[in-house]
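Below is one structure, written out as structure tokens, with a few remarks after it.
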Amino acid sequence: MAGTKPFNWPNRNLSFGRHGQVWRSIMTDSRLYPRYARPRLLEALADTPVVLLHGPRQSGKTTLAQMVGDAGGYAYVTFDDDVQLAAALSDPVGFVADLPDKTVLDEVQRAPGLFTAIKTAVDRRRIPGRFILTGSANVLLVPKIADSLAGRMEILRLHPLSQCELAKTESCFLDALFARTFKAGHYERLGRELAGRIVAGGYPAALIRATERRRAAWYRDYVETLVQRDVRDLARISSLDALPRLLQLAAGQTARLVNVSELAATFQLSRPTIRDYVTLLERVFLLDMLPSWHSNRLSRLIKAPKLHLGDTGVAAALLGLDAQALGADRAVLGQLLETFVFQELRRQASWQETAIAFYHFRDKDGAEVDIVLERGARELAGIEVKASATVTAADFRGLRKLKVAAGKRFAAGVVLYDGESSVGFGEGLYAVPIRALWGTKGLF
């Protein structure tokens with residue numbers, strides 16, 4: 001795009017936007033990005049025979065597994081190697097029996113028959129950390145696989161890079177949210193940099209490219225390759241060429257309630273078929289469904305899930321948007337910003353010690369909360385997302401309804417906005433700048 005600065009190799013700076021705002025990257029080598037899920041992986045290997053690290057292709061699973069495996073003395077086998085794959089498919093039991101005691105099996109979704117053989121091997125010799133598996137498809141959606149390793153396997157999700165990992169800051173935002181420890185303070189507005197971050201996404205191989213145009217090309221090629229290879233491996237479908245177009249339509253509906261009829265309208269395919277295709281795109285982590293949150297205290301709630309793209313870099317590339325075009329389209333900016341915040345929170349939640357579940361809230365009177373977070377069984381918080389630089393009391397309407405519905409479980413409600421001040425708006429309600437999402441401990 002005209003006006004975008006090139007990649008500055010000596011200083012390792014990435015620039016986003018026509019005005020040349022600079023966002024410091026960490027390293028060009030993906031091995032040197034900090035991955036905050038690593039302690040969770042090491043913890044699981046200390047007491048669990050099999051650990052599955054799954055997530056989208058090119059998100060860093062193989063790199064993380066190899067780094068941990070190299071330090072722990074693991075052998076490495078990848079099923080992207082056709083010879084290894086053929087051997088595993090022809091004799092799963094013999095293949096697993098011949099493996100060393102500690103082995104990384106990469107892209108294991110390509111050899112689903114191995115799971116029963118792994119179960120047998122683990123039952124014969126149950127030692128912690130025996131296998132690290134990586135998968136670029138959600139193999140747990142295949143019932144036989146989920147059943148075969150029940151009680152023997154821990155599952156960890158690795159997302160693309162979070163803003164915290166890019167900034168090398170271990171954000172305390174989630175802790176501050178549930179503890180209500182947001183301090184009154186001043187932040188620098190993101191401004192035009194915000195659109196740049198959204199368009200850049202979180203995939204390491206895209207982020208090291210020098211310009212927005214080259215990053216967008218990577219994302220488009222990524223989607224095409226994924227559909228032609230991984231989706232073809234998962235299911236034999238008659239209209240494979242429909243999937244990229246379907247994903248593009250889904251990008252235009254990100255952060256909206258799922259509308260299968262609208263998605264199906266441009267295809268000569270039935271609604272059940274489109275629904276199956278959406279499920280396939282979920283299985284390869286290109287789409288996420290955000291379920292609705294309900295309460296017995298409120299009966300007039302919308303129960304449809306929301307649709308979110310797995311990464312905003314993919315969404316922007318599919319929509320043909322660079323940072324300048326996105327910044328000029330406030331409606332689409334609002335949608336992609338909501339997805340950007342949702343995915344950032346999910347990425348941060350993936351390395352938390354306590355599990356956090358995600359929902360959205362909407363009632364039939366139009367009150368809504370973009371993101372509802374439930375930590376354990378007792379704590380609940382809400383996040384409303386705004387692309388503007390101002391906040392008013394009216395922006396807390398949905399959060400106040402959620403507070404009533406949640407009762408004593410309600411921890412806090414936050415309106416995230418592109419402003420400068422962190423301020424309180426009543427008991428447990430706060431307006432907080434978006435930049436605080438990846439802020440450091442001293443800011444909370």
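By convention here, the chains of the structure tokens are called A, B, ... in the order presented, each chain's residues are numbered starting at 1, and ligands are numbered starting at 1 in the order presented.
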
Excluding same-chain residues fewer than 2 positions from Ala121 (chain A), what lies within 12 Å of it counting only C-alpha atoms, as a list in words?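 Contacts, in chain order: Pro49, Val50, Pro92, Val93, Gly94, Phe95, Val96, Ala97, Asp98, Leu99, Pro100, Asp101, Lys102, Leu114, Phe115, Thr116, Ala117, Ile118, Lys119, Asp123, Arg124, Arg125, Arg126, Ile127, Arg130, Phe131, Ser148, Leu149 and Arg152 of chain A.
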
As an NGL selection string, please: every residue in region 274-362 of chain A that DSSP puts in strand (DSSP E or B). :A and (287-290 or 292 or 295 or 298 or 301 or 306-309 or 356-362)

Considering only C-alpha atoms, return as a CSV table (one decimal) with C-alpha atoms, in the first residue's frame whatever protein or nucleic-acid residues lie within 9 Å of region 240-244 of chain A, sequence-local ones (same chain, fewer than 3 positions apart) excluded.
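Heads up, here's the output in out28.csv:
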chain,number,residue,atom,x,y,z
A,223,VAL,CA,-6.6,-20.3,3.1
A,224,GLU,CA,-6.4,-21.8,-0.4
A,227,VAL,CA,-8.9,-25.8,2.0
A,228,GLN,CA,-7.2,-27.9,-0.8
A,231,VAL,CA,-10.2,-30.0,4.4
A,232,ARG,CA,-9.9,-32.5,1.6
A,236,ARG,CA,-14.9,-35.8,0.7
A,237,ILE,CA,-17.1,-32.9,-0.4
A,247,LEU,CA,-15.2,-18.3,4.2
A,248,GLN,CA,-15.2,-14.9,2.5
A,249,LEU,CA,-18.9,-14.5,3.3
A,267,PHE,CA,-24.7,-21.0,-3.3
A,277,TYR,CA,-19.2,-26.8,5.5
A,278,VAL,CA,-19.2,-24.3,8.4
A,281,LEU,CA,-14.1,-24.7,8.7
A,318,LEU,CA,-10.5,-12.2,2.5

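Put simply, CA of Arg400 (chain A) is 13.1 Å away from CA of Asp370 (chain A).
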
Residue list (alpha helix (DSSP H), DSSP) for region 136-367 of chain A, as an MDAnalysis selection string: chainID A and resid 143:148 163:167 173:179 192:200 204:207 212:226 232:234 242:252 260:264 271:283 312:319 323:328 330:349

Using only C-alpha atoms, which of A:Arg192, A:Arg35, A:Lys403, A:Arg180 sits nearest Leu326 (chain A)?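 Closest to Leu326 (chain A) of all the choices is A:Arg192.
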
Shell of 10 Å around Leu287 (chain A), only C-alpha atoms, local chain residues under 4 positions omitted, as number ranges by chain: A: 247, 250-251, 254, 278-283, 307-311

Pull N, CA and C atoms from the residues just selected and write them as a CSV table (one decimal), in the first residue's frame.
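File written: result.csv
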chain,number,residue,atom,x,y,z
A,247,LEU,N,-16.0,-18.9,3.2
A,247,LEU,CA,-15.2,-18.3,4.2
A,247,LEU,C,-15.1,-16.8,4.0
A,250,ALA,N,-18.3,-15.5,5.4
A,250,ALA,CA,-18.2,-15.5,6.8
A,250,ALA,C,-17.4,-14.4,7.4
A,251,ALA,N,-16.3,-14.0,6.7
A,251,ALA,CA,-15.5,-12.9,7.1
A,251,ALA,C,-16.4,-11.6,7.2
A,254,THR,N,-18.4,-11.7,10.4
A,254,THR,CA,-17.7,-11.9,11.7
A,254,THR,C,-18.3,-11.0,12.8
A,278,VAL,N,-19.6,-25.2,7.3
A,278,VAL,CA,-19.2,-24.3,8.4
A,278,VAL,C,-18.5,-25.1,9.5
A,279,THR,N,-19.0,-26.3,9.8
A,279,THR,CA,-18.4,-27.2,10.8
A,279,THR,C,-17.0,-27.6,10.3
A,280,LEU,N,-16.8,-27.9,9.1
A,280,LEU,CA,-15.5,-28.3,8.6
A,280,LEU,C,-14.5,-27.1,8.8
A,281,LEU,N,-14.9,-25.9,8.5
A,281,LEU,CA,-14.1,-24.7,8.7
A,281,LEU,C,-13.8,-24.5,10.2
A,282,GLU,N,-14.7,-24.9,11.0
A,282,GLU,CA,-14.4,-24.9,12.5
A,282,GLU,C,-13.3,-25.9,12.8
A,283,ARG,N,-13.4,-27.0,12.2
A,283,ARG,CA,-12.5,-28.1,12.6
A,283,ARG,C,-11.0,-27.8,12.2
A,307,LEU,N,-20.7,-15.8,15.2
A,307,LEU,CA,-19.6,-16.3,14.4
A,307,LEU,C,-18.4,-15.4,14.5
A,308,HIS,N,-17.3,-15.9,14.6
A,308,HIS,CA,-16.0,-15.2,14.6
A,308,HIS,C,-15.0,-15.8,13.7
A,309,LEU,N,-14.3,-15.1,12.9
A,309,LEU,CA,-13.1,-15.6,12.2
A,309,LEU,C,-12.0,-15.9,13.2
A,310,GLY,N,-11.2,-17.0,12.9
A,310,GLY,CA,-10.2,-17.4,13.8
A,310,GLY,C,-9.1,-16.4,13.9
A,311,ASP,N,-8.9,-15.5,13.0
A,311,ASP,CA,-7.8,-14.5,13.0
A,311,ASP,C,-8.2,-13.3,12.1

Within 12 Å of Thr63 (chain A), counting only C-alpha atoms, which residues show up once you throw out same-chain ones fewer than 4 positions away? Write them as a list of chain:residue names, please. A:Asp29, A:Ser30, A:Arg31, A:Leu32, A:Tyr33, A:Pro34, A:Arg35, A:Arg38, A:Leu53, A:Arg57, A:Gln58, A:Ser59, A:Met67, A:Val68, A:Gly69, A:Asp70, A:Tyr76, A:Val104, A:Asp106, A:Thr134, A:Leu158, A:Pro204

Using only C-alpha atoms, can you tell me which of A:Ala37, A:Leu177, A:Ala367, A:Leu190 comes closest to Val414 (chain A)?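 The answer is A:Leu177, which sits nearest to Val414 (chain A).
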
Pick from A:Val423, A:Ala88, A:Leu336, A:Ala393: nearest to Arg256 (chain A), with only C-alpha atoms counted?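 Ranking A:Val423, A:Ala88, A:Leu336, A:Ala393 by distance to Arg256 (chain A), first place goes to A:Leu336.
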
Restricting to only C-alpha atoms, whichever of A:Leu226, A:Ile208, A:Ala255, A:Val122 is closest to Phe285 (chain A) is A:Leu226
